[in-house]
Amino acid sequence: MRKLKLAHYIFTGCEGCSSTLIDLLVNHPDLLDRFEIVSSRIIGYTGIVESDIALVEGSIMTKHELEKAKKIRENSKLVIAYGSCSYILFVNNLKKLVKDTELKQIYKDNIPAEPHIEPKSLTKAIKVDYFIPGCPPDPDEAYKILTNILLGKKIRYPDKLVCYECRQKNIPCLLEEGKLCLGPLTMMGCGAQCPLYSSPCWGCRGPATEADTDIFEKAIKEIEIDPDILRRKLHMLLGDLRE
């Protein structure tokens, strides 16, 4: 059986997804028996090439990136949005809340070489076949999804909440402790790693299909939360899925 051609592309983001891709290949070397990496900046191969699968991380912030995304789609049999910035925009969606005057204060004289456009996730820019959630994605989950694709199996994403994983691990509810936790709204699959260490869930896996908005709304009414912080966190969680 021939190896499938795998291309990896990076748009605007922190490139944390690239780190987990390295972990994925190191911890699951059998993937290298099934895939030939034909493009990836992290190993020195650059440029858009024909591939069986394209893993794309980061958000689209410029016209150049938008054009590049369309070329990737044309040259790829399957496209996977790798990580939450690519899947739902996530952190990069906060740019929509920042005024141009504030951006000038941030950049000062360091004006970006290319003007920014309205931020887009990959899923809003082109047809995406699959997504791998997380900020950054979990290497084991990425391995499972890629393996299922190889086997021709249907990809099933979790429909339960992070709260479900908290209950499984007997983790105290952080909302009940007065902390702004997005567990009742967020898709499970992370093992509740943040709540496990008393850090509120910030919704990096994107909204759950069965989000418990009633519990969340009731909880935030009972605790004091800065409305601006709440708005920003929900803005990240929902990304550009709601548009």
# chains A, B, ... in the order shown; residues from 1 in each chain; ligands from 1

$ select_by_dssp --residues "region 47-238 of chain A" --states "strand (DSSP E or B)" --output "count of residues only"
30

$ closest_residue --among "A:Ala7, A:Ala142, A:Val79, A:Ile37" --to "Asp23 (chain A)" --atoms "only C-alpha atoms"
A:Ala142

$ closest_atom_pairs --of "region 7-94 of chain A" --to "region 121-140 of chain A" --cutoff "6 Å" --atoms "only C-alpha atoms" --output "Markdown table"
| residue | atom | partner | partner_atom | distance |
| --- | --- | --- | --- | --- |
| A:Gly16 | CA | A:Pro136 | CA | 5.8 |
| A:Cys17 | CA | A:Pro136 | CA | 5.1 |
| A:Thr20 | CA | A:Pro139 | CA | 5.9 |
| A:Leu24 | CA | A:Pro139 | CA | 4.8 |
| A:Ser59 | CA | A:Ser121 | CA | 5.1 |
| A:Leu78 | CA | A:Asp129 | CA | 6.0 |
| A:Val79 | CA | A:Val128 | CA | 5.3 |
| A:Ile80 | CA | A:Tyr130 | CA | 4.8 |
| A:Ala81 | CA | A:Phe131 | CA | 4.5 |
| A:Tyr82 | CA | A:Ile132 | CA | 5.1 |
| A:Gly83 | CA | A:Pro133 | CA | 4.9 |
| A:Ser84 | CA | A:Pro133 | CA | 5.2 |
| A:Ser86 | CA | A:Ser121 | CA | 5.0 |
| A:Tyr87 | CA | A:Ser121 | CA | 5.9 |
| A:Ile88 | CA | A:Ser121 | CA | 5.5 |
| A:Leu89 | CA | A:Ser121 | CA | 4.6 |

$ select_by_dssp --residues "region 40-241 of chain A" --states "alpha helix (DSSP H)" --output "PyMOL selection string"
chain A and resi 63-74+84-87+100-107+122-125+139-151+162-168+193-196+213-222+227-238

$ residues_around --residues "Glu65 (chain A)" --least-positions-apart "6" --cutoff "12 Å" --atoms "only C-alpha atoms" --output "compact mmCIF listing (two decimals) with N, CA and C atoms, in the first residue's frame"
# COMPACT_ATOMS: atom_id res chain seq x y z
N TYR A 9 0.28 22.89 6.88
CA TYR A 9 0.38 24.32 6.59
C TYR A 9 0.06 25.14 7.84
N ILE A 10 0.69 26.29 7.94
CA ILE A 10 0.54 27.14 9.13
C ILE A 10 0.06 28.53 8.74
N PHE A 11 -1.07 28.93 9.33
CA PHE A 11 -1.54 30.30 9.18
C PHE A 11 -1.28 31.06 10.48
N THR A 12 -1.96 32.18 10.70
CA THR A 12 -1.70 33.01 11.87
C THR A 12 -2.10 32.30 13.16
N ILE A 48 2.91 24.99 -1.36
CA ILE A 48 1.67 24.23 -1.51
C ILE A 48 1.88 23.15 -2.57
N VAL A 56 -4.11 21.82 8.49
CA VAL A 56 -3.94 23.28 8.45
C VAL A 56 -4.21 23.86 9.83
N GLU A 57 -3.24 24.58 10.38
CA GLU A 57 -3.40 25.21 11.68
C GLU A 57 -3.42 26.73 11.55
N GLY A 58 -3.99 27.39 12.55
CA GLY A 58 -4.02 28.85 12.56
C GLY A 58 -5.22 29.43 11.85
N SER A 59 -5.39 30.74 11.99
CA SER A 59 -6.53 31.45 11.41
C SER A 59 -6.09 32.27 10.20
N LYS A 71 -5.90 27.68 -2.50
CA LYS A 71 -4.97 26.84 -3.27
C LYS A 71 -4.75 25.50 -2.57
N ILE A 72 -4.71 25.52 -1.24
CA ILE A 72 -4.56 24.28 -0.48
C ILE A 72 -5.75 23.37 -0.76
N GLU A 114 1.55 43.20 5.75
CA GLU A 114 0.36 43.01 4.93
C GLU A 114 -0.88 43.39 5.73
N PRO A 115 -1.75 44.24 5.21
CA PRO A 115 -2.95 44.64 5.95
C PRO A 115 -3.82 43.44 6.32
N HIS A 116 -4.41 43.51 7.49
CA HIS A 116 -5.27 42.43 7.95
C HIS A 116 -6.67 42.56 7.35
N ILE A 117 -7.33 41.43 7.18
CA ILE A 117 -8.74 41.40 6.79
C ILE A 117 -9.54 40.93 8.00
N GLU A 118 -10.84 40.84 7.87
CA GLU A 118 -11.66 40.31 8.95
C GLU A 118 -11.23 38.86 9.20
N PRO A 119 -10.87 38.50 10.43
CA PRO A 119 -10.37 37.15 10.71
C PRO A 119 -11.39 36.08 10.32
N LYS A 120 -10.88 34.97 9.81
CA LYS A 120 -11.72 33.83 9.44
C LYS A 120 -11.06 32.54 9.93
N SER A 121 -11.91 31.60 10.35
CA SER A 121 -11.39 30.25 10.57
C SER A 121 -11.30 29.58 9.21
N LEU A 122 -10.55 28.50 9.14
CA LEU A 122 -10.43 27.78 7.88
C LEU A 122 -11.80 27.26 7.44
N ALA A 125 -13.61 29.72 5.44
CA ALA A 125 -12.97 30.17 4.21
C ALA A 125 -13.08 29.16 3.08
N ILE A 126 -12.97 27.88 3.41
CA ILE A 126 -13.01 26.82 2.40
C ILE A 126 -13.77 25.62 2.94
